>>> print(open('run31.csv').read())   # CSV, C-alpha atoms
chain,number,residue,atom,x,y,z
G,1,MET,CA,11.3,-99.2,-71.4
G,2,ALA,CA,7.8,-98.2,-70.3
G,3,GLU,CA,5.2,-98.5,-73.0
G,4,ASN,CA,2.7,-96.0,-71.9
G,5,GLY,CA,0.3,-93.7,-73.7
G,6,HIS,CA,-2.2,-94.4,-76.4
G,7,SER,CA,-1.0,-92.1,-79.2
G,8,PRO,CA,2.3,-91.6,-81.0
G,9,ALA,CA,2.7,-88.2,-79.5
G,10,GLU,CA,3.1,-89.9,-76.1
G,11,TRP,CA,5.7,-92.4,-77.5
G,12,LEU,CA,8.6,-89.9,-78.0
G,13,ASP,CA,12.1,-91.5,-77.5
G,14,GLN,CA,10.6,-95.0,-77.7
G,15,ASP,CA,11.2,-97.6,-80.4
G,16,VAL,CA,8.3,-97.9,-82.8
G,17,ALA,CA,7.4,-99.8,-86.0
G,18,MET,CA,5.8,-98.0,-88.8
G,19,ILE,CA,4.3,-99.4,-92.0
G,20,ILE,CA,5.1,-96.8,-94.8
G,21,SER,CA,3.5,-96.9,-98.2
G,22,GLY,CA,4.9,-95.6,-101.5
G,23,GLU,CA,6.1,-97.5,-104.5
G,24,GLN,CA,6.4,-100.4,-102.1
G,25,VAL,CA,5.1,-101.0,-98.6
G,26,VAL,CA,7.8,-101.3,-96.0
G,27,ARG,CA,8.2,-101.7,-92.3
G,28,VAL,CA,10.5,-99.2,-90.6
G,29,VAL,CA,11.7,-99.6,-87.0
G,30,GLY,CA,13.4,-96.7,-85.2
G,31,ARG,CA,13.2,-94.3,-82.3
G,32,LEU,CA,10.4,-91.8,-82.5
G,33,GLU,CA,11.9,-88.3,-82.4
G,34,GLY,CA,8.9,-86.1,-83.2
G,35,VAL,CA,5.3,-86.0,-84.1
G,36,SER,CA,3.4,-83.1,-85.7
G,37,ASP,CA,0.3,-82.5,-87.8
G,38,TRP,CA,2.3,-83.2,-90.9
G,39,GLY,CA,3.9,-86.5,-89.9
G,40,ALA,CA,6.5,-88.2,-87.7
G,41,SER,CA,10.3,-88.3,-87.5
G,42,LEU,CA,12.2,-91.5,-86.7
G,43,THR,CA,15.9,-92.1,-86.0
G,44,VAL,CA,16.8,-95.3,-87.9
G,45,PRO,CA,20.0,-97.3,-88.1
G,46,LEU,CA,21.8,-97.0,-91.5
G,47,ASP,CA,23.9,-100.1,-91.0
G,48,ASP,CA,23.2,-102.9,-88.5
G,49,GLU,CA,26.8,-103.9,-88.6
G,50,VAL,CA,28.3,-100.5,-87.7
G,51,GLU,CA,27.3,-99.0,-84.4
G,52,GLY,CA,26.5,-95.3,-84.4
G,53,THR,CA,25.4,-95.1,-88.0
G,54,GLU,CA,21.9,-93.7,-88.0
G,55,THR,CA,19.9,-90.9,-89.5
G,56,THR,CA,16.6,-89.1,-88.8
G,57,VAL,CA,13.9,-89.5,-91.4
G,58,PHE,CA,10.6,-87.7,-91.7
G,59,TYR,CA,7.5,-89.6,-92.8
G,60,PRO,CA,4.3,-87.6,-93.8
G,61,TRP,CA,1.1,-89.0,-92.3
G,62,HIS,CA,-0.4,-89.7,-95.8
G,63,ARG,CA,2.4,-92.3,-96.2
G,64,VAL,CA,2.0,-93.9,-92.7
G,65,GLU,CA,-0.4,-96.8,-92.7
G,66,SER,CA,0.2,-97.8,-89.1
G,67,VAL,CA,2.4,-97.1,-86.1
G,68,ARG,CA,2.9,-99.2,-83.0
G,69,HIS,CA,5.4,-99.9,-80.3
G,70,ALA,CA,8.3,-102.1,-81.6
G,71,ARG,CA,8.5,-105.6,-80.3
G,72,GLU,CA,11.6,-106.6,-78.4
G,73,ASP,CA,12.9,-108.6,-81.4
G,74,GLU,CA,12.4,-105.7,-83.8
G,75,ARG,CA,14.3,-103.1,-81.8
G,76,PRO,CA,17.6,-101.8,-83.2
G,77,SER,CA,20.6,-103.1,-81.2
G,78,SER,CA,22.2,-100.5,-78.9
>>> encode(input="run31.csv", output="structure tokens")
Amino acid sequence: MAENGHSPAEWLDQDVAMIISGEQVVRVVGRLEGVSDWGASLTVPLDDEVEGTETTVFYPWHRVESVRHAREDERPSS
């Protein structure tokens, strides 16, 4: 997978890792589906044991602390 571009808008359909803040701070890894002025959408696996169980989740920018390309060892198995 080519990791080109310098902003999340250029990373669509690539695996990314996001740090999300709320009651707890968590790292979420998934495929970047969309980016807007309001936030970003990721498709994330629901169950690592069951293939094909995934959902798309929207994260508003005020909850996103950072976003970067996912490392190979972080990527969801295909």
>>> residues_near_point(input="run31.csv", point="(13.7, -97.7, -80.6)", cutoff="9 Å", atoms="only C-alpha atoms", output="ChimeraX atom specification")
/G:13-17,29-32,42-44,69-70,74-77
>>> residues_near_point(input="run31.csv", point="(3.9, -85.6, -91.4)", cutoff="10 Å", atoms="all atoms listed in the file", output="list in words")
Gly34, Val35, Ser36, Asp37, Trp38, Gly39, Ala40, Ser41, Phe58, Tyr59, Pro60, Trp61, His62, Arg63 and Val64 of chain G
>>> write_last_selection(input="run31.csv", atoms="C-alpha atoms", output="compact mmCIF listing (two decimals), in the coordinates of the input")
# COMPACT_ATOMS: atom_id res chain seq x y z
CA GLY G 34 8.90 -86.10 -83.20
CA VAL G 35 5.30 -86.00 -84.10
CA SER G 36 3.40 -83.10 -85.70
CA ASP G 37 0.30 -82.50 -87.80
CA TRP G 38 2.30 -83.20 -90.90
CA GLY G 39 3.90 -86.50 -89.90
CA ALA G 40 6.50 -88.20 -87.70
CA SER G 41 10.30 -88.30 -87.50
CA PHE G 58 10.60 -87.70 -91.70
CA TYR G 59 7.50 -89.60 -92.80
CA PRO G 60 4.30 -87.60 -93.80
CA TRP G 61 1.10 -89.00 -92.30
CA HIS G 62 -0.40 -89.70 -95.80
CA ARG G 63 2.40 -92.30 -96.20
CA VAL G 64 2.00 -93.90 -92.70
>>> atom_distance(input="run31.csv", atom1="atom CA of G:Leu12", atom2="atom CA of G:Glu33")
5.7 Å
>>> atom_distance(input="run31.csv", atom1="atom CA of G:Gln24", atom2="atom CA of G:Trp11")
25.9 Å
>>> atom_distance(input="run31.csv", atom1="atom CA of G:Glu10", atom2="atom CA of G:Val67")
12.3 Å
